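Colleague: Got a structure for you, written out below as structure tokens; questions coming shortly.
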Amino acid sequence: MNSDVKTIFSSYHNNAQLFDEVFDSNGVAKNVYQKLLDLYGNHSIQEYVQLNNKAKASFFNQGITFQVYDNKVTQEKIFPFDLFPRIIDEDEWEIIEKGAIQRSKALNLFLWDIYHDKKIIKDGIVPLDLISSSANYLHQMIGVDPPGGIYNHISGTDIIKHSDGHYYVLEDNIRCPSGVSYVICNRTALKRALFGVFNHYKTHSVTNYAENLLEILESVKPKGVDVPNCVVLTPGMYNSAFYEHSYLAKAMGVELVEGRDLFVENDFVYMKTIRGPIKVDVIYRRVDDLYMDPLEFKPESALGVPGLFAAYRKGNVCLANAPGTGVADDKAIYTYMPQIIKYYLDETPILNNVHTYHCSRPDELKYVLEHIHELVIKPVDEAGGYGISIGNRLTKDEIKVVQEEIKQNPRKYIAQPIMSLSVHPTYIDESESFEQRHVDLRTFTLLGHEKEFVLKGGLSRVALKRGNLIVNSSQGGGSKDTWVLKK
Amino acid sequence: MLARVANNLFWMGRYIERAEHVARYLNVNYFSSLDAPNELSQSRQFVLRSMMFFVGEPIVDESVILKEEDILYNIGLNPALPYSVINNVKFARENANSARDLISTELYESINKFYHFVINYSVEDFTKKGLYDFTVNITEMTAILRGKIRGTLLHDEVYAIIMLGINLERATQVIRIINAKYNDAVRAKGSYGDKIGHSFEWITLLKCVESYDMMRRYYKKTPTSISTLEFLILNPDCPRSVINSINQVHKHIRVLDESKSPNKNSTAFLISKVKGEYEFKYAEEIEEDIQGFIEKILDNLVQISLKMENEFFNY
């Protein structure tokens with residue numbers, strides 16, 4: 001390391017208890033990061049702060065923001081972004097990529113099965129009550145054949161690196177996983193601020209996501225359609241992910257529609273254009289299952305399209321992801337993933353699952369209640385990091401409250417050992433220096449008719465509060481550009 | 001293109017254009033009054049009343065004393081008033097947001113910057129010392145937006161609809177500026193012995209639509225009511241003239257309606273009809289009954305807008 005490196009990383013406190021992705025326990029940088037540290041070391045803290053501000057301005061001017069309401073005043077904020085990228089080398093990536101595809105395929109077969117013959121239940125691998133008691137199991141989907149045989153066209157897999165150096169899957173998101181636009185924005189922002197660093201690494205591009213997504217959507221067109229008309233369905237511009245919806249529509253060159261732009265006639269879906277109605281064949285919908293069609297689901301929903309589900313059931317339109325996929329990204333189903341992969345693909349899981357205790361099983365419930373202080377308790381049906389209790393952060397009284405909640409409704413909770421997410425040097429505004437922060441990785445996998453794709457990169461989410469393990473943006477998380485290196 | 005989004009694009013164009021005219025009206029009237037040749041035109045009350053007349057809130061009661069800071073704030077930055085510049089820019093961005101997937105990143109980024117400039121402008125600075133800075137920035141930023149619209153969008157239906165919005169709004173605002181300045185000229189009549197035909201207000205009017213220099217080049221004479229009306233309404237080469245805007249509207253509607261002889265109920269038919277009518281007008285005819293003329297042309301423009309809504313924005 002040259003002397004400049006010390007200026008920008010000199011106050012970096014390397015806690016040997018944590019698994020640092022950049023420095024080993026002696027504080028020596030790992031090979032793949034050596035060059036990057038030299039390059040970043042050329043900047044003084046002041047220069048770095050300037051670059052950081054420029055990157056923030058880039059996000060702000062592009063309108064990549066979300067709104068917060070404070071004292072009746074609406075303020076626009078950018079998603080916190082860290083300029084120091086995370087690098088994943090080609091060998092590690094290969095494992096992640098294969099593992100993500102394996103999971104997506106297994107989940108797809110699982111969904112087909114539980115909405116058709118339910119063999120996996122009859123064979124006693126997954127208990128029936130796990131499915132029948134799931135709020136996300138849609139009886140309307142029983143017997144429906146989705147075009148192309150695909151349910152989870154788009155999967156977001158949340159992966160962490162544990163202190164043992166191995167990757168573990170924390171969650172499969174196969175309803176409407178979001179975040180992919182930030183992968184692309186993060187790359188753009190980093191290029192604008194520090195283009196020089198890219199010369200020294202062979203990094204895979206992330207901008208090919210939209211073209212692959214369009215190919216996937218076109219591959220699941222309804223029968224009899226030659227060139228399908230694909231659209232993105234958004235709840236509207238006040239939705240927090242609206243930027244992503246508009247980005248994807250623009251990048252694919254397809255229309256971004258709201259429910260009110262569509263109507264159904266004779267079980268076909270049309271959009272209202274300046275030249276009259278035009279038939280729609282494939283809908284990448286970013287509206288939740290229950291809001292999609294007021295005739296079939298929540299009648300008060302104004303976001304949906306009356307009759308959409310009937311058109312889907314007739315096979316006249318394809319919905320991506322299929323309705324009812326939520327049953328399979330339930331955190332209780334997650335715990336059966338190794339068995340599900342084995343059952344449908346006859347393979348051993350490539351990516352590890354975190355060991356999980358089911359509070360619905362009496363013996364495991366007993367263990368959980370006695371060991372709350374060393375476990376993470378999660379409600380099975382919440383997303384976005386809500387409702388999670390981390391045992392070693394709770395006071396005795398709080399533990400009692402959690403114990404009561406679990407006893408009231410054991411089916412609602414699972415527990416896992418507290419996983420130690422790896423840490424990554426992250427620039428912290430308040431201290432004007434780099435500090436260790438926990439990170440995870442959301443990968444994006446696409447599954448179509450005879451086609452699959454994993455975005456080479458992903459969203460590395462950073463928990464900005466010191467010691468915090470929850471990285472979701474709704475809980476104050478930031479993100480980093482993620483480089484997958486070419487062979 | 002979706003009918004709803006087409007409506008958003010149309011109004012995005014209109015609000016961008018409207019913001020510019022309101023800002024320019026404030027600027028030109030305020031600053032040209034400072035050294036106007038007669039007492040009345042120089043009076044602050046006269047100018048503030050003219051501003052209120054222009055935004056459609058005329059103050060008839062002569063005994064009311066207007067406060068400069070209040071009027072400037074209301075027209076510039078008051079978020080509660082629909083005619084304020086800040087609201088026009090807000091609406092322009094909101095409409096752009098809904099059509100974000102159709103417009104270029106470059107255009108969106110410029111609209112967004114424009115919005116943040118206006119929204120973050122200090123009210124105190126604006127009303128005390130920032131009028132020039134604020135209004136000049138508005139007119140420059142709208143020029144950038146027009147450049148981005150022309151230079152970064154595909155010249156297809158999306159472009160045509162934005163241009164229809166911009167040009168219909170331009171024609172409307174130019175007429176409204178003419179109306180307001182005509183009203184000023186009537187009020188200023190006799191105060192410095194001049195006839196209404198040679199009022200100082202005609203120069204201000206031309207400056208309000210950024211056409212004074214070119215008008216001088218064209219006529220090489222001090223503007224009169226006749227020459228000003230002729231230039232701003234009937235000269236097809238003047239980029240701000242009403243007939244120029246109508247010609248643009250006519251050109252762009254043909255992108256949406258390509259039929260050789262449009263149906264008599266169509267927007268394209270109505271636009272051709274209006275265009276034909278103004279092509280064969282002359283200024284003296286207009287001056288005879290300027291109020292009647294202004295009312296009629298504003299009605300024509302409203303009818304075109306309503307027809308478009310029915311034909312293309314039905315969702």
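In the structure tokens, chains take letters A, B, ... by order of appearance, with residues numbered from 1 within each chain and ligands from 1 in the order shown.
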Starting from chain B, keep only residues with some atom at most 8 Å from an atom of chain A, counting only C-alpha atoms, and report them as a list in words.
Modeller: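 The complete set of qualifying residues is Met1, Leu2, Ala3, Arg4, Ala6, Asn97, Ser98, Arg100, Asp101, Leu102, Thr105, Tyr108, Glu109, Ser110, Asn112, Lys113, Glu311, Phe312, Phe313, Asn314 and Tyr315 of chain B.
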Colleague: Restrict the selected residues to C-alpha atoms and save them as a compact mmCIF listing (two decimals), in the first residue's frame.
Modeller:
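To be explicit, this is the file written out as selection_24.txt:
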```txt
# COMPACT_ATOMS: atom_id res chain seq x y z
CA MET B 1 -49.26 5.67 -27.59
CA LEU B 2 -51.59 5.52 -24.63
CA ALA B 3 -54.36 8.10 -24.65
CA ARG B 4 -53.68 9.01 -21.03
CA ALA B 6 -50.71 11.55 -24.76
CA ASN B 97 -43.41 11.93 -14.67
CA SER B 98 -46.39 10.06 -16.06
CA ARG B 100 -41.34 9.27 -18.23
CA ASP B 101 -40.88 6.06 -20.19
CA LEU B 102 -41.61 7.84 -23.49
CA THR B 105 -33.55 10.74 -20.10
CA TYR B 108 -36.51 14.38 -18.13
CA GLU B 109 -33.31 15.38 -16.37
CA SER B 110 -33.68 18.95 -17.62
CA ASN B 112 -36.31 17.78 -13.15
CA LYS B 113 -33.50 20.30 -12.71
CA GLU B 311 -60.47 12.54 -30.36
CA PHE B 312 -57.12 11.49 -28.88
CA PHE B 313 -57.10 11.71 -25.09
CA ASN B 314 -60.15 9.62 -24.39
CA TYR B 315 -59.31 7.12 -21.69
```
Colleague: From a DSSP pass on the backbone, collect the residues of segment 203-264 of chain B flagged as alpha helix (DSSP H) and hand them back as a PyMOL selection string.
Modeller: chain B and resi 203-208+212-219+225-229+242-256
Colleague: Restricting it to C-alpha atoms, dump the selection as a CSV table (one decimal), in the first residue's frame.
Modeller:
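Output saved as part.csv:
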```
chain,number,residue,atom,x,y,z
B,203,ILE,CA,-43.0,48.3,-27.3
B,204,THR,CA,-43.5,46.5,-24.0
B,205,LEU,CA,-45.8,44.1,-25.7
B,206,LEU,CA,-43.3,43.2,-28.3
B,207,LYS,CA,-40.6,42.7,-25.6
B,208,CYS,CA,-43.0,40.5,-23.7
B,212,TYR,CA,-39.1,43.6,-30.4
B,213,ASP,CA,-35.7,43.4,-32.1
B,214,MET,CA,-37.0,41.4,-35.0
B,215,MET,CA,-40.0,43.7,-35.4
B,216,ARG,CA,-37.6,46.7,-35.7
B,217,ARG,CA,-35.6,44.8,-38.3
B,218,TYR,CA,-38.8,44.1,-40.2
B,219,TYR,CA,-40.5,47.5,-40.2
B,225,SER,CA,-50.8,49.4,-32.8
B,226,ILE,CA,-51.3,48.4,-36.5
B,227,SER,CA,-47.8,47.2,-37.1
B,228,THR,CA,-47.6,45.4,-33.8
B,229,LEU,CA,-50.8,43.5,-34.2
B,242,VAL,CA,-50.4,33.6,-33.7
B,243,ILE,CA,-50.4,32.5,-37.3
B,244,ASN,CA,-47.0,30.8,-36.9
B,245,SER,CA,-48.3,28.8,-34.0
B,246,ILE,CA,-51.4,27.8,-35.9
B,247,ASN,CA,-49.3,26.7,-38.8
B,248,GLN,CA,-47.3,24.6,-36.4
B,249,VAL,CA,-50.4,23.1,-34.9
B,250,HIS,CA,-51.6,22.3,-38.4
B,251,LYS,CA,-48.3,20.7,-39.3
B,252,HIS,CA,-48.2,18.5,-36.2
B,253,ILE,CA,-51.9,17.4,-36.3
B,254,ARG,CA,-51.1,15.8,-39.7
B,255,VAL,CA,-48.8,13.4,-37.9
B,256,LEU,CA,-51.7,12.2,-35.8
```
Colleague: Choose the residue, out of B:Ala171, B:Tyr30, B:Glu201, B:Tyr132, that has the smallest atom-to-atom separation from Asp184 of chain B; count only C-alpha atoms.
Modeller: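 Of the candidates, the smallest distance to Asp184 of chain B is held by B:Glu201.
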Colleague: Could you pull the residues within 12 Å of segment 479-481 of chain A, counting only C-alpha atoms, minus those fewer than 6 positions along the same chain, as a ChimeraX atom specification?
Modeller: /A:78-88,179-191,194,198,203-206,424-427,437-442,456-464,471-473
Colleague: Can you list, as a list in words, every protein, DNA or RNA residue that comes within 10 Å of Ala96 of chain B when you count only C-alpha atoms, leaving out same-chain residues fewer than 2 positions away?
Modeller: Val5, Asn8, Leu9, Phe10, Trp11, Met12, Gly13, Lys90, Phe91, Ala92, Arg93, Glu94, Ser98, Ala99, Arg100, Asp101, Leu102, Ile103, Leu107, Tyr108, Ile111 and Asn112 of chain B
Colleague: Name the closest residue to Ile75 of chain B among the candidates B:Ala23, B:Met163, B:Ile294, B:Val302; distances are taken between atoms, counting only C-alpha atoms.
Modeller: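 The closest residue to Ile75 of chain B is B:Ala23.
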Colleague: Determine, counting only C-alpha atoms, which protein, DNA and RNA residues have an atom within 8 Å of an atom of Leu48 of chain B; residues of the same chain fewer than 4 positions away are not included. Present the result as an NGL selection string.
Modeller: :B and (44 or 52 or 66 or 68 or 71)
Colleague: Go through A:Lys35, A:His13, A:Lys223, A:Lys314 and flag the residue nearest Phe434 of chain A, using only C-alpha atoms for the distances.
Modeller: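 Closest residue, counting only C-alpha atoms: A:His13.
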